[in-house]
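Below is one structure, written out as structure tokens; the observations come after it.
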Amino acid sequence: MNFELSEEHQAFVDSVRRFAQDKLAPGALQRAHSAAYPWDAARMLSEQGLLGIAFQEEDGGQGGTLMHAVLAIQEVALVCPKSADIVQAGNFGPIRTFVEYATPEQKQRFLPDLLAGRKLIALGMSEPDAGSAVTELKTSARLDGDHYVINGSKVFSTHSPEADLFLIYVRFGPGVDGIGSVLVERGTAGFSIGEPSAFMSGEEWCQLYFEDCRIPANNLLLGAGGFKKQISGFNVERLGNSSRSLALGRHSFNIAREHALTRKQFGRELCEFQGIQWKFAEMALKLESAQLMLYRAALEGEHGLPSAHSTALAKLACNQAGWEVANEALQVMGGMGYSRESLVEYCVRRTRGWMIAGGSIEMLKNRIAEGVFERTFSQRPPKKE
């Protein structure tokens with residue numbers, strides 16, 4: 001088995017790396033410490049063809065593959081971690097679900113601005129009482145003539161302070177088969193956006209409120225019974241999460257490596273101390289192991305969707321490697337790593353959040369166990385006789 005990138009993939013990597021170093025390296029630290037969405041970087045990434053990488057050309061995409069998108073996130077993150085969020089938003093998550101299931105008319109209305117880096121789409125999935133158990137969501141959609149009436153609320157919506165379009169999971173009826181999704185535009189009557197709250201990473205989100213919010217019926221994305229289609233696409237979203245986790249771990253590793261090569265204590269470079277050498281050996285092992293699992297899952301998606309088992313393994317490995325390596329890199333660098341003068345502390349905060357977002361590592365372990373035993377395990381209490 002060949003573990004090297006193909007010539008075509010390597011050429012793509014080299015191209016993205018040159019672009020990132022030339023255009024994104026300046027201002028990387030400032031972008032990371034700003035809560036604002038970096039629209040300047042979004043436009044540059046769009047012009048470089050790094051939004052919609054794996055979308056069909058007729059949809060305004062680049063006609064590439066999931067592997068190209070994964071490679072792009074990694075190369076951008078190694079230079080400007082915050083800009084990797086833009087590559088994620090333009091290739092994975094709600095925009096991919098939208099491209100997969102939107103009507104031609106919906107694509108014509110929204111995709112040009114999204115892929116040009118002028119507008120953002122956000123996902124409304126989690127609710128105050130429906131996190132990992134997303135099927136317990138209560139936000140409802142009721143057909144009334146040629147409109148749907150939406151009532152409910154959403155929390156933890158990434159990019160909600162800046163987004164113009166929201167892909168909202170709603171309940172049309174009881175049970176899993178009653179769940180689907182609709183598209184709601186900012187400014188729609190009955191739709192209000194709360195004040196920004198901040199995660200530990202500094203990333204902001206707003207609670208979304210729907211009070212008899214009326215949207216045109218042609219803003220329906222997936223009706224009742226659409227939940228399973230939506231959630232299958234979530235496996236792809238996990239590749240973007242995994243890519244950023246791993247890349248920010250590697251970004252921290254690179255900074256700490258340079259620090260260990262140049263920083264002197266007791267008359268010797270840090271890298272000459274065995275305790276430091278062992279730390280880097282363990283970090284390298286975690287990064288390389290997780291990288292292989294990520295590439296395997298991405299290559300599975302070259303001609304379709306990657307399996308839930310492979311993406312769960314990749315996300316678990318990358319989440320843990322990214323967090324553990326970034327945290328250890330901070331320890332190696334001491335006060336400088338803990339300081340906001342370095343991107344390492346930012347990487348620590350960001351990688352910690354991805355162990356929760358997109359499927360917590362505990363939920364991933366449940367999913368992996370189902371693959372091991374080839375059966376499902378309900379986490380709900382047994383029904384009373």
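Residue numbering restarts at 1 in every chain; chains get A, B, ... in the order shown in the structure tokens, and ligands count up from 1 in that same order.
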### Task
For A:Lys82, list every protein, DNA or RNA residue within 7 Å, evaluated using only C-alpha atoms, and leave out those in the same chain fewer than 3 positions away; present the list as a PyMOL selection string.
chain A and resi 31-32+85
### Query
What lies within 12 Å of A:Leu45 using only C-alpha atoms, ignoring chain neighbours under 5 positions off, as a VMD selection string?
chain A and resid 16 19 to 20 23 to 24 38 to 40 50 to 53 72 to 73 76 80 83 to 91 114 to 118
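Computed from the coordinates, the atom CA of A:Glu341 to atom CA of A:Phe156 distance equals 28.1 Å.
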### Task
Mind checking which residues fall within 12 Å of A:Lys264, counting only C-alpha atoms, ignoring those fewer than 6 positions away in the same chain, and posting them as a PyMOL selection string?
chain A and resi 258+270-273+333
### Task
Identify which of the residues A:Glu195, A:Asp113, A:Asp212, A:Glu185 lies closest to A:Thr139, counting only C-alpha atoms when measuring atom-to-atom distances.
A:Asp212
Residue neighbourhood stretch 276-281 of chain A, 9 Å, only C-alpha atoms, exclusion window fewer than 2 positions, as an mmCIF file with C-alpha atoms, in the first residue's frame:
data_model
loop_
_atom_site.group_PDB
_atom_site.id
_atom_site.type_symbol
_atom_site.label_atom_id
_atom_site.label_comp_id
_atom_site.auth_asym_id
_atom_site.auth_seq_id
_atom_site.Cartn_x
_atom_site.Cartn_y
_atom_site.Cartn_z
ATOM 1 C CA PHE A 253 3.986 21.008 17.053
ATOM 2 C CA ARG A 257 9.753 22.308 17.602
ATOM 3 C CA ALA A 260 12.972 23.630 21.309
ATOM 4 C CA LEU A 270 15.769 22.389 24.947
ATOM 5 C CA CYS A 271 15.884 19.673 22.289
ATOM 6 C CA GLU A 272 18.992 18.225 23.939
ATOM 7 C CA PHE A 273 17.047 17.198 27.047
ATOM 8 C CA GLN A 274 15.699 13.647 26.919
ATOM 9 C CA MET A 283 3.546 13.901 19.646
ATOM 10 C CA ALA A 284 4.892 12.753 16.275
ATOM 11 C CA LEU A 285 3.405 9.295 16.790
ATOM 12 C CA LYS A 286 -0.047 10.717 17.551
ATOM 13 C CA VAL A 325 -0.324 17.601 20.861
ATOM 14 C CA GLU A 328 1.840 19.323 25.120
ATOM 15 C CA ALA A 329 3.352 21.905 22.746
ATOM 16 C CA VAL A 332 7.065 22.662 26.110
#
#### Entry: Shell around A:Asn151 at 9 Å using only C-alpha atoms, local window under 6 positions removed, as a list in words
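With the cut-off at 9 Å, the set is Lys138, Thr139, Ser140, Ala141, Arg142, Val170, Gly190, Tyr209, Phe210, Glu211, Asp212 and Cys213 of chain A.
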Store the residues picked out above, limited to N, CA and C atoms, as a JSON list (two decimals), in the first residue's frame.
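Contents of the output file out35.json:
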[["chain", "number", "residue", "atom", "x", "y", "z"],
["A", 138, "LYS", "N", -37.35, 20.03, 19.24],
["A", 138, "LYS", "CA", -38.75, 20.45, 19.36],
["A", 138, "LYS", "C", -39.14, 21.54, 18.37],
["A", 139, "THR", "N", -38.18, 22.20, 17.76],
["A", 139, "THR", "CA", -38.51, 23.26, 16.81],
["A", 139, "THR", "C", -39.40, 22.68, 15.71],
["A", 140, "SER", "N", -40.56, 23.30, 15.51],
["A", 140, "SER", "CA", -41.58, 22.72, 14.64],
["A", 140, "SER", "C", -41.78, 23.54, 13.37],
["A", 141, "ALA", "N", -42.27, 22.86, 12.34],
["A", 141, "ALA", "CA", -42.63, 23.49, 11.08],
["A", 141, "ALA", "C", -44.03, 23.01, 10.68],
["A", 142, "ARG", "N", -44.93, 23.95, 10.47],
["A", 142, "ARG", "CA", -46.31, 23.61, 10.11],
["A", 142, "ARG", "C", -46.67, 24.30, 8.81],
["A", 170, "VAL", "N", -35.94, 20.89, 11.67],
["A", 170, "VAL", "CA", -37.27, 21.11, 12.24],
["A", 170, "VAL", "C", -38.05, 19.81, 12.31],
["A", 190, "GLY", "N", -40.44, 37.20, 12.41],
["A", 190, "GLY", "CA", -40.61, 36.11, 13.36],
["A", 190, "GLY", "C", -39.33, 35.36, 13.68],
["A", 209, "TYR", "N", -34.16, 32.33, 17.61],
["A", 209, "TYR", "CA", -35.54, 32.24, 18.09],
["A", 209, "TYR", "C", -36.51, 32.32, 16.91],
["A", 210, "PHE", "N", -37.50, 31.42, 16.92],
["A", 210, "PHE", "CA", -38.52, 31.39, 15.88],
["A", 210, "PHE", "C", -39.89, 31.48, 16.55],
["A", 211, "GLU", "N", -40.58, 32.58, 16.28],
["A", 211, "GLU", "CA", -41.91, 32.80, 16.86],
["A", 211, "GLU", "C", -42.89, 33.08, 15.74],
["A", 212, "ASP", "N", -43.63, 32.03, 15.36],
["A", 212, "ASP", "CA", -44.55, 32.13, 14.21],
["A", 212, "ASP", "C", -43.82, 32.72, 13.01],
["A", 213, "CYS", "N", -42.63, 32.22, 12.79],
["A", 213, "CYS", "CA", -41.80, 32.67, 11.67],
["A", 213, "CYS", "C", -42.33, 32.03, 10.38]]
## Note on the structure
The residue from A:Gln56, A:Leu208, A:His251, A:Leu71 with the smallest atom-to-atom distance to A:Lys107, counting only C-alpha atoms, is A:Gln56
### Query
For A:Val99, which residue among A:Glu370, A:Glu282, A:Glu136, A:Glu58 is the nearest when counting only C-alpha atoms?
A:Glu58
Which residues in stretch 48-190 of chain A does DSSP call strand (DSSP E or B)? List them as a CSV table (one decimal) with C-alpha atoms, in the first residue's frame.
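As written to disk, result.csv reads:
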chain,number,residue,atom,x,y,z
A,121,ILE,CA,-24.7,29.7,5.8
A,122,ALA,CA,-25.1,28.5,9.4
A,123,LEU,CA,-26.6,25.3,10.9
A,124,GLY,CA,-29.4,25.3,13.4
A,127,GLU,CA,-31.5,23.0,21.1
A,130,ALA,CA,-31.5,18.4,22.3
A,140,SER,CA,-41.6,22.7,14.6
A,141,ALA,CA,-42.6,23.5,11.1
A,142,ARG,CA,-46.3,23.6,10.1
A,143,LEU,CA,-47.5,24.1,6.6
A,144,ASP,CA,-50.0,27.0,6.3
A,147,HIS,CA,-45.8,29.0,3.8
A,148,TYR,CA,-44.3,27.1,6.7
A,149,VAL,CA,-44.7,28.4,10.2
A,150,ILE,CA,-41.6,27.8,12.4
A,151,ASN,CA,-41.6,27.9,16.2
A,152,GLY,CA,-38.8,27.0,18.5
A,153,SER,CA,-35.1,27.9,19.3
A,154,LYS,CA,-31.6,26.8,18.5
A,155,VAL,CA,-28.3,27.1,20.3
A,156,PHE,CA,-24.5,26.7,19.6
A,157,SER,CA,-24.9,27.7,15.9
A,158,THR,CA,-21.5,28.3,14.4
A,165,LEU,CA,-28.8,32.0,5.6
A,166,PHE,CA,-29.7,29.3,8.2
A,167,LEU,CA,-30.3,25.6,7.6
A,168,ILE,CA,-32.6,24.7,10.4
A,169,TYR,CA,-33.5,21.2,11.5
A,170,VAL,CA,-37.3,21.1,12.2
A,171,ARG,CA,-40.0,18.7,13.2
A,179,ILE,CA,-37.7,15.5,11.1
A,180,GLY,CA,-36.5,17.5,8.1
A,181,SER,CA,-35.0,20.9,7.4
A,182,VAL,CA,-35.8,24.4,6.0
A,183,LEU,CA,-33.9,27.4,4.9
A,184,VAL,CA,-34.5,30.7,6.8
A,185,GLU,CA,-33.0,34.0,5.8
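Residues with any atom within 10 Å of A:Lys229, counting only C-alpha atoms and excluding same-chain neighbours fewer than 2 positions away, are Thr97, Glu100, Tyr101, Gly180, Leu222, Gly225, Gly226, Phe227, Ile231, Ser232, Gly233 and Phe234 of chain A.
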Expected file contents, prior selection, N, CA and C atoms, as a compact mmCIF listing (two decimals), in the first residue's frame:
# COMPACT_ATOMS: atom_id res chain seq x y z
N THR A 97 -24.58 19.97 2.89
CA THR A 97 -25.95 19.45 2.93
C THR A 97 -26.83 20.22 1.96
N GLU A 100 -26.12 19.22 -1.61
CA GLU A 100 -26.57 17.84 -1.87
C GLU A 100 -28.07 17.77 -2.15
N TYR A 101 -28.86 18.61 -1.45
CA TYR A 101 -30.31 18.43 -1.50
C TYR A 101 -31.11 19.64 -1.98
N GLY A 180 -37.04 17.06 9.36
CA GLY A 180 -36.47 17.50 8.09
C GLY A 180 -35.77 18.82 8.29
N LEU A 222 -35.48 19.63 3.03
CA LEU A 222 -35.87 18.22 3.12
C LEU A 222 -37.10 18.11 4.02
N GLY A 225 -39.06 12.89 6.97
CA GLY A 225 -38.32 11.72 6.49
C GLY A 225 -36.92 12.07 6.01
N GLY A 226 -36.57 13.35 6.06
CA GLY A 226 -35.27 13.77 5.56
C GLY A 226 -34.13 13.65 6.54
N PHE A 227 -34.45 13.32 7.80
CA PHE A 227 -33.41 13.31 8.83
C PHE A 227 -32.26 12.36 8.50
N ILE A 231 -28.34 13.37 8.25
CA ILE A 231 -27.35 12.87 9.20
C ILE A 231 -26.27 12.05 8.49
N SER A 232 -26.61 11.43 7.35
CA SER A 232 -25.59 10.68 6.61
C SER A 232 -24.54 11.64 6.07
N GLY A 233 -24.96 12.84 5.70
CA GLY A 233 -24.02 13.84 5.24
C GLY A 233 -23.15 14.37 6.36
N PHE A 234 -23.58 14.13 7.61
CA PHE A 234 -22.82 14.58 8.76
C PHE A 234 -21.48 13.86 8.85
### Query
Excluding same-chain residues fewer than 3 positions from A:Glu345, what lies within 12 Å of it counting only C-alpha atoms, as a PyMOL selection string?
chain A and resi 29+32-33+81+200-202+248-249+251-253+255-256+323+325-342+348-352
### Query
Which parts of stretch 170-290 of chain A does DSSP call helix (DSSP H, G or I) when run on the backbone here, written out as a VMD selection string?
chain A and resid 176 to 178 217 to 219 227 to 262 270 to 272 274 to 290
With C-alpha atoms retained, could you export that selection as an mmCIF file, in the first residue's frame?
data_model
loop_
_atom_site.group_PDB
_atom_site.id
_atom_site.type_symbol
_atom_site.label_atom_id
_atom_site.label_comp_id
_atom_site.auth_asym_id
_atom_site.auth_seq_id
_atom_site.Cartn_x
_atom_site.Cartn_y
_atom_site.Cartn_z
ATOM 1 C CA VAL A 176 -37.435 10.428 13.643
ATOM 2 C CA ASP A 177 -39.410 10.254 10.395
ATOM 3 C CA GLY A 178 -41.028 13.594 11.243
ATOM 4 C CA ALA A 217 -42.819 26.805 0.996
ATOM 5 C CA ASN A 218 -40.033 26.842 -1.604
ATOM 6 C CA ASN A 219 -37.569 27.278 1.273
ATOM 7 C CA PHE A 227 -33.415 13.313 8.832
ATOM 8 C CA LYS A 228 -31.521 10.185 7.801
ATOM 9 C CA LYS A 229 -30.329 11.859 4.603
ATOM 10 C CA GLN A 230 -29.149 14.879 6.565
ATOM 11 C CA ILE A 231 -27.346 12.872 9.201
ATOM 12 C CA SER A 232 -25.587 10.684 6.607
ATOM 13 C CA GLY A 233 -24.022 13.845 5.245
ATOM 14 C CA PHE A 234 -22.817 14.584 8.763
ATOM 15 C CA ASN A 235 -20.156 11.919 8.259
ATOM 16 C CA VAL A 236 -18.593 14.165 5.640
ATOM 17 C CA GLU A 237 -18.762 17.195 7.955
ATOM 18 C CA ARG A 238 -16.670 15.250 10.445
ATOM 19 C CA LEU A 239 -13.796 15.156 7.981
ATOM 20 C CA GLY A 240 -13.571 18.944 8.119
ATOM 21 C CA ASN A 241 -13.596 18.889 11.909
ATOM 22 C CA SER A 242 -10.947 16.156 11.902
ATOM 23 C CA SER A 243 -8.750 18.038 9.426
ATOM 24 C CA ARG A 244 -8.729 21.209 11.494
ATOM 25 C CA SER A 245 -8.114 19.354 14.750
ATOM 26 C CA LEU A 246 -5.133 17.536 13.344
ATOM 27 C CA ALA A 247 -3.752 20.559 11.494
ATOM 28 C CA LEU A 248 -3.876 22.803 14.564
ATOM 29 C CA GLY A 249 -2.098 20.093 16.547
ATOM 30 C CA ARG A 250 0.578 19.994 13.850
ATOM 31 C CA HIS A 251 0.723 23.799 13.754
ATOM 32 C CA SER A 252 1.454 23.807 17.499
ATOM 33 C CA PHE A 253 3.986 21.008 17.053
ATOM 34 C CA ASN A 254 5.885 23.031 14.442
ATOM 35 C CA ILE A 255 6.009 26.140 16.619
ATOM 36 C CA ALA A 256 7.132 24.156 19.668
ATOM 37 C CA ARG A 257 9.753 22.308 17.602
ATOM 38 C CA GLU A 258 11.298 25.589 16.496
ATOM 39 C CA HIS A 259 11.197 26.783 20.109
ATOM 40 C CA ALA A 260 12.972 23.630 21.309
ATOM 41 C CA LEU A 261 15.673 24.067 18.658
ATOM 42 C CA THR A 262 16.455 27.682 19.575
ATOM 43 C CA LEU A 270 15.769 22.389 24.947
ATOM 44 C CA CYS A 271 15.884 19.673 22.289
ATOM 45 C CA GLU A 272 18.992 18.225 23.939
ATOM 46 C CA GLN A 274 15.699 13.647 26.919
ATOM 47 C CA GLY A 275 12.438 14.628 28.578
ATOM 48 C CA ILE A 276 11.738 17.048 25.722
ATOM 49 C CA GLN A 277 12.811 14.511 23.101
ATOM 50 C CA TRP A 278 10.330 11.978 24.421
ATOM 51 C CA LYS A 279 7.529 14.526 24.309
ATOM 52 C CA PHE A 280 8.188 15.192 20.636
ATOM 53 C CA ALA A 281 8.465 11.508 19.823
ATOM 54 C CA GLU A 282 5.052 10.878 21.387
ATOM 55 C CA MET A 283 3.546 13.901 19.646
ATOM 56 C CA ALA A 284 4.892 12.753 16.275
ATOM 57 C CA LEU A 285 3.405 9.295 16.790
ATOM 58 C CA LYS A 286 -0.047 10.717 17.551
ATOM 59 C CA LEU A 287 -0.011 13.065 14.568
ATOM 60 C CA GLU A 288 1.172 10.490 12.044
ATOM 61 C CA SER A 289 -1.241 7.809 13.262
ATOM 62 C CA ALA A 290 -4.243 10.123 13.108
#
### Task
Could you check which of A:Leu316, A:Gln207, A:Cys347, A:Phe199 is closest to A:Asn366, using only C-alpha atoms?
A:Leu316
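Atom CA of A:Phe98 lies 29.5 Å from atom CA of A:Ala11.
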